[in-house]
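Participant: Structure supplied as work.cif; contents: mmCIF, C-alpha atoms.
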```cif
data_model
loop_
_atom_site.label_atom_id
_atom_site.label_comp_id
_atom_site.auth_asym_id
_atom_site.auth_seq_id
_atom_site.Cartn_x
_atom_site.Cartn_y
_atom_site.Cartn_z
CA MET A 1 134.88 -56.36 77.69
CA GLN A 2 136.19 -53.34 75.74
CA THR A 3 139.75 -54.13 76.85
CA VAL A 4 139.37 -57.68 75.53
CA LYS A 5 138.13 -56.35 72.19
CA ASN A 6 141.09 -53.99 72.00
CA LEU A 7 143.53 -56.83 72.63
CA ILE A 8 141.85 -58.95 69.97
CA GLN A 9 142.17 -56.19 67.37
CA LEU A 10 145.76 -55.55 68.39
CA SER A 11 146.60 -59.22 67.87
CA GLN A 12 144.79 -59.29 64.54
CA LYS A 13 146.26 -56.15 63.03
CA GLY A 14 148.94 -54.80 65.33
CA LEU A 15 151.12 -57.86 65.70
CA PRO A 16 151.50 -58.46 61.95
CA ARG A 17 152.58 -54.81 61.61
CA ALA A 18 155.14 -55.26 64.37
CA LEU A 19 156.53 -58.44 62.82
CA ASN A 20 157.05 -56.54 59.58
CA ARG A 21 158.60 -53.57 61.41
CA LEU A 22 155.71 -51.33 60.39
CA PRO A 23 154.30 -48.77 62.86
CA LEU A 24 151.27 -49.83 64.86
CA ASN A 25 149.87 -46.33 64.30
CA SER A 26 148.84 -46.34 67.93
CA SER A 27 147.89 -42.66 67.92
CA THR A 28 146.43 -40.50 65.15
CA GLU A 29 145.51 -36.83 65.16
CA ILE A 30 143.14 -35.66 62.42
CA ARG A 31 143.11 -31.91 61.94
CA LEU A 32 139.77 -31.18 60.35
CA THR A 33 140.35 -27.53 59.53
CA ARG A 34 142.94 -24.78 59.39
CA LEU A 35 140.30 -22.26 60.53
CA CYS A 36 140.44 -21.13 64.14
CA THR A 37 138.73 -18.78 66.58
CA GLN A 38 142.02 -17.90 68.31
CA ARG A 39 145.35 -16.45 67.18
CA CYS A 40 147.81 -18.18 69.49
CA ARG A 41 151.33 -16.78 69.55
CA GLN A 42 152.86 -20.24 69.24
CA CYS A 43 150.66 -21.52 66.40
CA SER A 44 150.53 -20.90 62.65
CA VAL A 45 147.80 -23.38 61.67
CA TYR A 46 145.42 -20.57 60.74
CA GLU A 47 148.00 -19.22 58.26
CA ARG A 48 147.78 -22.32 56.08
CA THR A 49 146.21 -21.73 52.67
CA THR A 50 144.98 -25.20 51.71
CA GLU A 51 141.63 -25.45 49.94
CA PRO A 52 139.10 -26.44 50.98
CA ALA A 53 139.81 -25.15 54.45
CA ILE A 54 137.60 -27.81 56.06
CA MET A 55 137.76 -31.57 55.50
CA SER A 56 134.48 -32.82 54.06
CA PHE A 57 132.59 -35.60 55.79
CA GLU A 58 133.07 -37.77 52.69
CA ASP A 59 136.84 -37.34 52.87
CA PHE A 60 136.77 -38.08 56.58
CA GLN A 61 134.83 -41.29 55.90
CA LEU A 62 137.44 -42.31 53.31
CA ILE A 63 140.33 -41.60 55.69
CA ALA A 64 138.56 -43.35 58.57
CA ARG A 65 138.03 -46.46 56.46
CA LYS A 66 141.72 -46.57 55.57
CA LEU A 67 142.64 -46.14 59.23
CA ARG A 68 140.38 -49.03 60.19
CA ASP A 69 141.90 -51.20 57.46
CA TYR A 70 145.37 -50.60 58.84
CA GLY A 71 144.50 -50.45 62.53
CA ALA A 72 143.64 -47.37 64.57
CA TYR A 73 143.60 -47.24 68.37
CA ILE A 74 143.79 -43.73 69.86
CA GLY A 75 142.35 -40.81 67.91
CA PHE A 76 142.37 -37.04 68.36
CA ILE A 77 139.93 -34.89 66.36
CA SER A 78 141.28 -31.36 66.22
CA GLY A 79 141.90 -28.26 64.10
CA GLY A 80 142.38 -25.26 64.00
CA GLU A 81 139.16 -25.13 65.95
CA ALA A 82 137.21 -28.33 65.41
CA THR A 83 133.88 -26.80 66.44
CA LEU A 84 134.02 -24.59 63.32
CA VAL A 85 133.32 -27.72 61.27
CA PRO A 86 129.53 -27.80 60.70
CA HIS A 87 129.45 -31.59 60.24
CA LEU A 88 131.56 -32.27 63.36
CA ASP A 89 128.66 -34.24 64.86
CA LYS A 90 128.83 -36.85 62.10
CA ILE A 91 132.62 -36.90 62.21
CA LEU A 92 132.69 -37.58 65.96
CA LEU A 93 130.41 -40.60 65.58
CA GLU A 94 132.50 -41.93 62.68
CA ALA A 95 135.67 -41.39 64.71
CA LYS A 96 134.18 -43.27 67.66
CA ARG A 97 133.60 -46.20 65.30
CA THR A 98 137.16 -45.97 63.97
CA PHE A 99 139.39 -45.66 67.04
CA THR A 100 139.06 -48.72 69.25
CA SER A 101 140.76 -47.50 72.44
CA ALA A 102 139.85 -43.83 72.81
CA THR A 103 138.60 -40.85 70.83
CA THR A 104 139.26 -37.28 71.96
CA LEU A 105 137.76 -34.04 70.72
CA VAL A 106 140.44 -31.35 70.91
CA THR A 107 138.81 -27.92 71.11
CA GLY A 108 139.84 -24.52 72.37
CA LEU A 109 136.30 -24.12 73.77
CA TYR A 110 136.40 -20.61 72.34
CA ASN A 111 133.25 -20.42 70.26
CA LYS A 112 129.56 -19.50 70.66
CA PRO A 113 127.99 -21.27 73.65
CA GLU A 114 125.31 -22.94 71.52
CA ILE A 115 127.98 -24.50 69.31
CA ILE A 116 130.06 -25.73 72.25
CA HIS A 117 126.93 -27.13 73.88
CA LYS A 118 125.82 -28.95 70.71
CA PHE A 119 129.08 -30.75 70.05
CA GLY A 120 129.89 -31.12 73.74
CA ARG A 121 126.67 -33.06 74.32
CA ILE A 122 127.50 -35.42 71.45
CA ALA A 123 130.96 -36.07 72.89
CA LEU A 124 129.64 -36.70 76.39
CA ASP A 125 126.78 -38.90 75.21
CA ASN A 126 129.22 -41.11 73.30
CA ASP A 127 132.03 -41.29 75.88
CA ILE A 128 134.33 -39.20 73.69
CA ASN A 129 137.03 -37.41 75.67
CA ILE A 130 137.33 -33.63 75.51
CA GLN A 131 140.66 -31.81 75.66
CA THR A 132 141.03 -28.06 75.79
CA SER A 133 143.85 -25.58 76.39
CA LEU A 134 144.18 -23.36 79.45
CA ASP A 135 147.44 -21.46 79.07
CA GLY A 136 146.89 -18.28 81.05
CA LEU A 137 144.62 -16.02 83.07
CA GLY A 138 143.71 -12.38 82.44
CA LYS A 139 145.94 -10.37 80.12
CA ILE A 140 148.52 -13.16 79.91
CA GLY A 141 145.93 -15.63 78.69
CA ASP A 142 144.55 -13.15 76.16
CA SER A 143 148.05 -12.43 74.87
CA LEU A 144 149.10 -16.07 74.61
CA ARG A 145 145.91 -17.17 72.87
CA GLY A 146 145.25 -14.01 70.86
CA ALA A 147 141.65 -13.94 72.09
CA LYS A 148 139.63 -11.51 74.20
CA ASP A 149 138.45 -12.78 77.60
CA PHE A 150 140.12 -16.11 76.85
CA ALA A 151 140.24 -17.61 80.35
CA SER A 152 136.75 -16.57 81.46
CA THR A 153 135.24 -17.92 78.23
CA VAL A 154 137.03 -21.26 78.38
CA LEU A 155 136.45 -21.76 82.11
CA SER A 156 132.75 -21.05 81.63
CA HIS A 157 132.49 -23.74 78.96
CA MET A 158 134.55 -26.15 81.05
CA LYS A 159 132.08 -25.66 83.91
CA TRP A 160 129.09 -26.27 81.64
CA LEU A 161 130.56 -29.52 80.28
CA SER A 162 131.52 -30.75 83.73
CA GLN A 163 128.03 -30.15 85.10
CA ARG A 164 126.51 -32.20 82.27
CA ARG A 165 128.94 -35.06 82.42
CA GLU A 166 126.65 -37.16 84.65
CA GLN A 167 127.15 -40.86 83.75
CA SER A 168 129.45 -40.21 80.82
CA ASN A 169 132.84 -41.94 80.78
CA SER A 170 134.37 -39.03 78.89
CA LEU A 171 137.71 -37.82 80.23
CA LEU A 172 137.79 -34.03 80.52
CA TYR A 173 141.24 -32.49 80.66
CA ALA A 174 142.96 -29.17 80.05
CA ASN A 175 146.46 -28.92 78.63
CA ILE A 176 148.67 -26.14 79.96
CA VAL A 177 151.59 -25.22 77.73
CA ILE A 178 154.21 -23.83 80.08
CA ASN A 179 156.32 -20.99 78.72
CA ASN A 180 158.36 -18.09 80.02
CA LEU A 181 155.28 -15.87 80.33
CA ASN A 182 152.94 -18.05 82.39
CA LEU A 183 155.16 -19.93 84.88
CA GLU A 184 153.73 -18.21 87.96
CA GLN A 185 150.14 -18.84 86.84
CA VAL A 186 150.45 -22.61 86.29
CA PRO A 187 149.58 -23.69 89.90
CA GLU A 188 146.45 -21.53 89.80
CA LEU A 189 145.51 -22.85 86.34
CA ILE A 190 145.77 -26.42 87.64
CA LYS A 191 143.61 -25.50 90.65
CA ARG A 192 140.96 -23.83 88.47
CA ALA A 193 140.71 -26.94 86.31
CA ARG A 194 140.62 -29.29 89.31
CA ASP A 195 137.88 -27.27 90.99
CA LEU A 196 135.75 -27.72 87.86
CA GLY A 197 136.33 -31.47 87.81
CA TRP A 198 138.82 -31.44 84.95
CA ARG A 199 142.18 -33.21 84.83
CA THR A 200 145.33 -31.39 83.71
CA THR A 201 148.29 -32.15 81.48
CA ILE A 202 151.47 -30.12 81.12
CA GLY A 203 153.08 -29.38 77.77
CA LEU A 204 156.18 -27.38 76.85
CA TYR A 205 156.27 -24.47 74.45
CA HIS A 206 158.30 -25.42 71.37
CA SER A 207 158.74 -24.41 67.74
CA LEU A 208 159.48 -27.92 66.54
CA THR A 209 156.81 -28.59 63.91
CA ASP A 210 155.71 -26.79 60.76
CA THR A 211 152.65 -25.35 62.53
CA THR A 212 154.50 -23.96 65.55
CA ARG A 213 156.60 -20.83 65.50
CA LEU A 214 159.45 -19.28 67.41
CA ASP A 215 158.55 -16.63 69.97
CA ASP A 216 161.55 -15.54 72.01
CA GLU A 217 159.40 -14.14 74.84
CA MET A 218 157.74 -17.54 75.30
CA LYS A 219 160.95 -19.58 75.16
CA LEU A 220 161.62 -21.41 78.42
CA ARG A 221 164.86 -20.52 80.20
CA PRO A 222 166.75 -22.21 83.05
CA GLY A 223 166.50 -20.51 86.41
CA LYS A 224 164.71 -20.28 89.72
CA ARG A 225 161.29 -19.50 88.22
CA LEU A 226 161.31 -22.72 86.20
CA ASP A 227 162.88 -24.73 89.04
CA ASP A 228 160.19 -23.62 91.48
CA LEU A 229 157.45 -24.70 89.09
CA LEU A 230 159.07 -28.06 88.35
CA ASN A 231 159.35 -28.74 92.09
CA PHE A 232 155.62 -28.02 92.36
CA LEU A 233 154.81 -30.34 89.44
CA ASP A 234 157.04 -33.20 90.55
CA ASN A 235 154.98 -36.12 91.85
CA ASN A 236 151.86 -33.93 91.66
CA ASP A 237 148.68 -36.02 91.53
CA ASP A 238 146.73 -33.14 89.98
CA ILE A 239 148.50 -33.60 86.65
CA LEU A 240 148.44 -36.64 84.37
CA ASN A 241 152.04 -36.34 83.18
CA LEU A 242 154.63 -38.95 83.97
CA ASN A 243 157.17 -38.09 86.65
CA SER A 244 159.92 -39.01 84.20
CA PHE A 245 158.65 -36.39 81.77
CA VAL A 246 158.40 -33.65 84.39
CA ARG A 247 161.85 -34.47 85.76
CA GLY A 248 163.40 -34.21 82.31
CA ILE A 249 162.11 -30.73 81.55
CA GLY A 250 164.90 -28.89 83.36
CA ASP A 251 167.66 -30.79 81.57
CA PHE A 252 166.05 -30.25 78.18
CA VAL A 253 165.58 -26.51 78.74
CA ALA A 254 169.23 -26.33 79.83
CA GLY A 255 170.25 -27.80 76.48
CA LYS A 256 170.84 -31.45 77.38
CA SER A 257 169.90 -33.88 74.61
CA PRO A 258 167.19 -36.40 75.58
CA GLY A 259 169.23 -39.21 74.05
CA PHE A 260 166.36 -40.80 72.13
CA CYS A 261 163.84 -40.14 69.38
CA ALA A 262 160.46 -41.85 69.63
CA PHE A 263 160.26 -42.33 65.86
CA VAL A 264 163.80 -43.68 65.50
CA ASP A 265 164.24 -45.72 68.69
CA ALA A 266 160.73 -47.16 68.89
CA PRO A 267 159.32 -46.90 65.35
CA VAL A 268 156.75 -49.66 65.84
CA ILE A 269 155.18 -48.71 69.16
CA THR A 270 155.48 -44.94 69.52
CA THR A 271 154.90 -43.57 66.02
CA ARG A 272 152.21 -40.88 66.01
CA THR A 273 150.66 -39.65 62.77
CA THR A 274 149.02 -36.31 62.07
CA ILE A 275 146.58 -36.01 59.17
CA MET A 276 145.88 -32.52 57.90
CA GLU A 277 142.63 -31.16 56.48
CA ASN A 278 143.76 -31.98 52.92
CA GLY A 279 144.72 -35.58 53.80
CA ASP A 280 148.48 -35.02 54.10
CA VAL A 281 150.15 -37.36 56.59
CA HIS A 282 152.90 -35.96 58.82
CA LEU A 283 155.11 -37.48 61.52
CA CYS A 284 157.01 -34.84 63.52
CA TYR A 285 158.71 -32.05 61.54
CA GLY A 286 159.23 -32.10 57.79
CA ASP A 287 157.15 -32.46 54.65
CA PRO A 288 154.25 -34.94 54.46
CA ILE A 289 155.13 -38.58 53.91
CA GLY A 290 151.97 -39.22 51.89
CA ASN A 291 148.31 -38.38 51.49
CA LEU A 292 145.54 -40.63 52.79
CA LYS A 293 143.05 -39.42 50.21
CA ASN A 294 145.22 -40.89 47.47
CA GLU A 295 147.14 -43.68 49.27
CA ASP A 296 146.72 -46.11 52.15
CA LEU A 297 148.82 -46.39 55.28
CA PHE A 298 150.39 -49.64 54.12
CA SER A 299 151.98 -47.99 51.09
CA ILE A 300 152.84 -44.82 53.02
CA PHE A 301 154.73 -46.65 55.78
CA LYS A 302 156.48 -48.84 53.23
CA GLY A 303 157.31 -45.87 51.04
CA GLU A 304 160.49 -43.98 50.32
CA LYS A 305 159.31 -40.73 51.97
CA TYR A 306 158.68 -42.44 55.30
CA ASN A 307 162.13 -44.04 55.31
CA GLU A 308 163.77 -40.78 54.28
CA ARG A 309 162.04 -38.97 57.14
CA ILE A 310 163.20 -41.54 59.70
CA SER A 311 166.76 -41.15 58.38
CA GLU A 312 166.46 -37.37 58.85
CA TYR A 313 165.26 -37.84 62.41
CA LYS A 314 168.43 -39.80 63.21
CA GLN A 315 170.29 -36.49 62.92
CA CYS A 316 167.91 -34.68 65.30
CA SER A 317 169.23 -33.71 68.74
CA GLY A 318 165.89 -34.70 70.25
CA CYS A 319 162.83 -33.03 71.75
CA TRP A 320 160.82 -33.11 74.96
CA THR A 321 157.13 -33.10 74.10
CA THR A 322 154.06 -34.85 75.49
CA CYS A 323 153.12 -36.03 71.98
CA TYR A 324 156.39 -37.81 71.24
CA SER A 325 158.83 -37.98 74.16
CA GLN A 326 156.32 -38.85 76.87
CA ARG A 327 154.88 -41.59 74.67
CA TYR A 328 158.38 -43.11 74.50
CA LEU A 329 158.92 -42.76 78.25
CA LEU A 330 155.60 -44.49 78.96
CA MET A 331 156.66 -47.58 77.00
CA HIS A 332 160.32 -47.46 78.07
CA PRO A 333 160.54 -46.93 81.85
CA ARG A 334 164.15 -46.63 82.96
CA SER A 335 163.68 -48.11 86.43
CA VAL A 336 161.27 -50.17 88.50
CA GLY A 337 160.14 -46.95 90.15
CA GLU A 338 159.28 -45.40 86.76
CA LEU A 339 157.41 -48.54 85.75
CA PHE A 340 155.33 -48.45 88.92
CA HIS A 341 154.57 -44.77 88.45
CA ASN A 342 153.62 -45.24 84.78
CA VAL A 343 151.15 -48.00 85.67
CA ARG A 344 149.69 -45.82 88.43
CA LYS A 345 149.17 -42.95 85.99
CA ILE A 346 147.38 -45.21 83.50
CA VAL A 347 145.07 -46.47 86.25
CA LYS A 348 144.38 -42.90 87.37
CA LEU A 349 143.64 -41.90 83.77
CA LYS A 350 140.88 -44.51 83.55
CA THR A 351 139.16 -43.50 86.76
CA LYS A 352 137.01 -40.43 87.35
#
```
Take the structure in the file and give it back as structure tokens.
Facilitator:
Amino acid sequence: MQTVKNLIQLSQKGLPRALNRLPLNSSTEIRLTRLCTQRCRQCSVYERTTEPAIMSFEDFQLIARKLRDYGAYIGFISGGEATLVPHLDKILLEAKRTFTSATTLVTGLYNKPEIIHKFGRIALDNDINIQTSLDGLGKIGDSLRGAKDFASTVLSHMKWLSQRREQSNSLLYANIVINNLNLEQVPELIKRARDLGWRTTIGLYHSLTDTTRLDDEMKLRPGKRLDDLLNFLDNNDDILNLNSFVRGIGDFVAGKSPGFCAFVDAPVITTRTTIMENGDVHLCYGDPIGNLKNEDLFSIFKGEKYNERISEYKQCSGCWTTCYSQRYLLMHPRSVGELFHNVRKIVKLKTK
């Protein structure tokens, strides 16, 4: 029944956008706050100085209404650390009403247990997915995430949420950002998540966007260490990534251009928007293309800043990220084998 409803909304709002060459806005991330409980080496979100530091519930309601007016399908509620937002409970319920296909709470699970339990219960009770990060164990994890006892804290909260999942349809998954410092730990990280009943996704360290930064020690390098890990990840049912994405990592790290840009080559289907705590709307890298507190998505996607940004992206050599590149690969399989695998991954994603 829910699938039928999704198709009806897509036909009502999505198809007119496509006919006018406007993005479907299939995926939206709303970053509620720049505040965070961790100090990750790859991230600079907590260094932002916008005021207020936390999006108010009233502003979220306004933005959610504008998203519904335009069409909103897959939503990610993140930060910073989303559980630092005191009114996150109300935001999650409003988000569930806004995004018709799926809503995901993105949290580092690095906060007081009572806070994680409060918001975790709301997510589970309302079939809201929960995504966390699990980048390293022991000293490596603490160094990468800038947090004491990172892995033990996160794994403890993952266990608690998994034990209370019961009849919930929430998808629980941990994202592992592979980098030059944690390659040997990735198989064990995947096992730890699997043993707790969590799925796993693989991301690549990058310094592509305005809130990521360059760290030479983390930068992936070609070689046997990376090759061994990629052989382990290839066709691995314990991860949710597409085979085509995993198999392209080596070439990208070696400096080979992907040959496509999701925003340029598939602007209707694969555009992903990120909305910051002050309402600014971003695509990939670059300045905001508008502000949803003052504008609507119709005017933003028809505006000069959006078109200028797409023109800039035409000069980009390309990236290899789960947010952008994998989205393109999902909708543009390059062989019958890739198509079959993509369908299989989608089916697996929807089953416990």
Participant: Could you state the separation of atom CA of A:Lys96 and atom CA of A:Ile74 in Å, given to one decimal place?
Facilitator: 9.9 Å
Participant: My list of candidates is A:Glu166, A:Leu32, A:Lys66, A:Asp265. Which is closest to A:Ile300 when distances are computed with all atoms listed in the file?
Facilitator: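 Of A:Glu166, A:Leu32, A:Lys66, A:Asp265, the one nearest A:Ile300 is A:Lys66, counting all atoms listed in the file.
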Participant: Please identify all polymer residues lying at most 6 Å from the point (146.6, -48.2, 57.1) (file coordinates), using all atoms listed in the file, and present the result as a compact mmCIF listing (two decimals) with C-alpha atoms, keeping the file's coordinate frame.
Facilitator:
```txt
# COMPACT_ATOMS: atom_id res chain seq x y z
CA LYS A 66 141.72 -46.57 55.57
CA LEU A 67 142.64 -46.14 59.23
CA ASP A 69 141.90 -51.20 57.46
CA TYR A 70 145.37 -50.60 58.84
CA ASP A 296 146.72 -46.11 52.15
CA LEU A 297 148.82 -46.39 55.28
CA PHE A 298 150.39 -49.64 54.12
```
Participant: Please evaluate the PyMOL selection byres ((chain A and resi 319-321) around 7) against the displayed coordinates and give the resulting residues as JSON, numbers by chain.
Facilitator: {"A": [203, 204, 252, 258, 318, 322, 323, 324, 325, 326]}
Participant: What lies within 8 Å of A:Thr209 using all atoms listed in the file, ignoring chain neighbours under 5 positions off, as a PDB file with C-alpha atoms, in the frame of the given file?
Facilitator:
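The resulting part.pdb:
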```
ATOM      1  CA  CYS A 284     157.010 -34.840  63.520  1.00  0.00           C
ATOM      2  CA  TYR A 285     158.710 -32.050  61.540  1.00  0.00           C
ATOM      3  CA  GLY A 286     159.230 -32.100  57.790  1.00  0.00           C
TER       4      GLY A 286
END
```
Participant: Given the file shown, enumerate the residues that the PyMOL selection byres ((chain A and resi 244) around 12) captures and present them as a CSV table (one decimal) with C-alpha atoms, in the frame of the given file.
Facilitator:
```csv
chain,number,residue,atom,x,y,z
A,230,LEU,CA,159.1,-28.1,88.4
A,233,LEU,CA,154.8,-30.3,89.4
A,234,ASP,CA,157.0,-33.2,90.6
A,235,ASN,CA,155.0,-36.1,91.8
A,240,LEU,CA,148.4,-36.6,84.4
A,241,ASN,CA,152.0,-36.3,83.2
A,242,LEU,CA,154.6,-39.0,84.0
A,243,ASN,CA,157.2,-38.1,86.6
A,245,PHE,CA,158.6,-36.4,81.8
A,246,VAL,CA,158.4,-33.6,84.4
A,247,ARG,CA,161.8,-34.5,85.8
A,248,GLY,CA,163.4,-34.2,82.3
A,249,ILE,CA,162.1,-30.7,81.6
A,250,GLY,CA,164.9,-28.9,83.4
A,251,ASP,CA,167.7,-30.8,81.6
A,258,PRO,CA,167.2,-36.4,75.6
A,320,TRP,CA,160.8,-33.1,75.0
A,322,THR,CA,154.1,-34.8,75.5
A,325,SER,CA,158.8,-38.0,74.2
A,326,GLN,CA,156.3,-38.8,76.9
A,327,ARG,CA,154.9,-41.6,74.7
A,328,TYR,CA,158.4,-43.1,74.5
A,329,LEU,CA,158.9,-42.8,78.2
A,330,LEU,CA,155.6,-44.5,79.0
A,331,MET,CA,156.7,-47.6,77.0
A,332,HIS,CA,160.3,-47.5,78.1
A,333,PRO,CA,160.5,-46.9,81.8
A,334,ARG,CA,164.2,-46.6,83.0
A,335,SER,CA,163.7,-48.1,86.4
A,337,GLY,CA,160.1,-47.0,90.2
A,338,GLU,CA,159.3,-45.4,86.8
A,339,LEU,CA,157.4,-48.5,85.8
A,340,PHE,CA,155.3,-48.4,88.9
A,341,HIS,CA,154.6,-44.8,88.4
A,342,ASN,CA,153.6,-45.2,84.8
A,345,LYS,CA,149.2,-43.0,86.0
```
Participant: Report as a PyMOL selection string the full result of the PyMOL selection byres ((chain A and resi 140-142) around 12) when it is applied to this structure.
Facilitator: chain A and resi 38-41+110+133-139+143-155+176-186+189+218
Participant: With all atoms listed in the file as the basis for distance, which of A:Thr132, A:Thr273, A:Thr37, A:Thr50 is at the shortest distance from A:Leu105?
Facilitator: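 Closest residue, counting all atoms listed in the file: A:Thr132.
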Participant: Do a neighbour search on stretch 119-122 of chain A at 9 Å with only C-alpha atoms, toss out local chain neighbours closer than 4 positions, and write the hits as an MDAnalysis selection string.
Facilitator: chainID A and resid 83 88:89 92:93 105 114:115 126:128 130 161 164:165
Participant: A:Leu229, A:Met276, A:Cys316, A:Ile310: which is nearest A:Phe260, counting all atoms listed in the file?
Facilitator: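 Selected residue with least distance to A:Phe260: A:Cys316.
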Participant: Do you have the atom CA of A:Val281-atom CA of A:Ala174 distance handy?
Facilitator: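 Between atom CA of A:Val281 and atom CA of A:Ala174 the gap is 25.9 Å.
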Participant: How many Å separate atom CA of A:Asp215 from atom CA of A:Ala254?
Facilitator: 17.5 Å
Participant: What's around stretch 196-200 of chain A at 7 Å? Count all atoms listed in the file, leave out sequence neighbours fewer than 2 positions away in its own chain, and write the answer as a list in words.
Facilitator: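 The contact residues come out as Lys159, Ser162, Leu172, Tyr173, Ala174, Asn175, Ile190, Arg192, Ala193, Arg194, Ile202, Asp238, Ile239 and Leu240 of chain A.
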Participant: Counting all atoms listed in the file, which of A:Val347, A:Arg34, A:Ser27, A:Arg97 gets nearest to A:Gln61?
Facilitator: A:Arg97
Participant: Which of these residues is nearest to A:Gln131, using all atoms listed in the file: A:Thr271, A:Thr98, A:Thr201, A:Ser156?
Facilitator: A:Thr201
Participant: Neighbouring residues of A:Ser26 were defined as those with any atom within 8 Å, considering only C-alpha atoms; residues of the same chain fewer than 3 positions away were excluded. Please report them as a PDB file with C-alpha atoms, in the frame of the given file.
Facilitator:
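The result, written out as result_36.pdb:
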```pdb
ATOM      1  CA  PRO A  23     154.300 -48.770  62.860  1.00  0.00           C
ATOM      2  CA  ALA A  72     143.640 -47.370  64.570  1.00  0.00           C
ATOM      3  CA  TYR A  73     143.600 -47.240  68.370  1.00  0.00           C
ATOM      4  CA  ILE A  74     143.790 -43.730  69.860  1.00  0.00           C
ATOM      5  CA  ILE A 269     155.180 -48.710  69.160  1.00  0.00           C
ATOM      6  CA  THR A 270     155.480 -44.940  69.520  1.00  0.00           C
ATOM      7  CA  THR A 271     154.900 -43.570  66.020  1.00  0.00           C
ATOM      8  CA  ARG A 272     152.210 -40.880  66.010  1.00  0.00           C
TER       9      ARG A 272
END
```
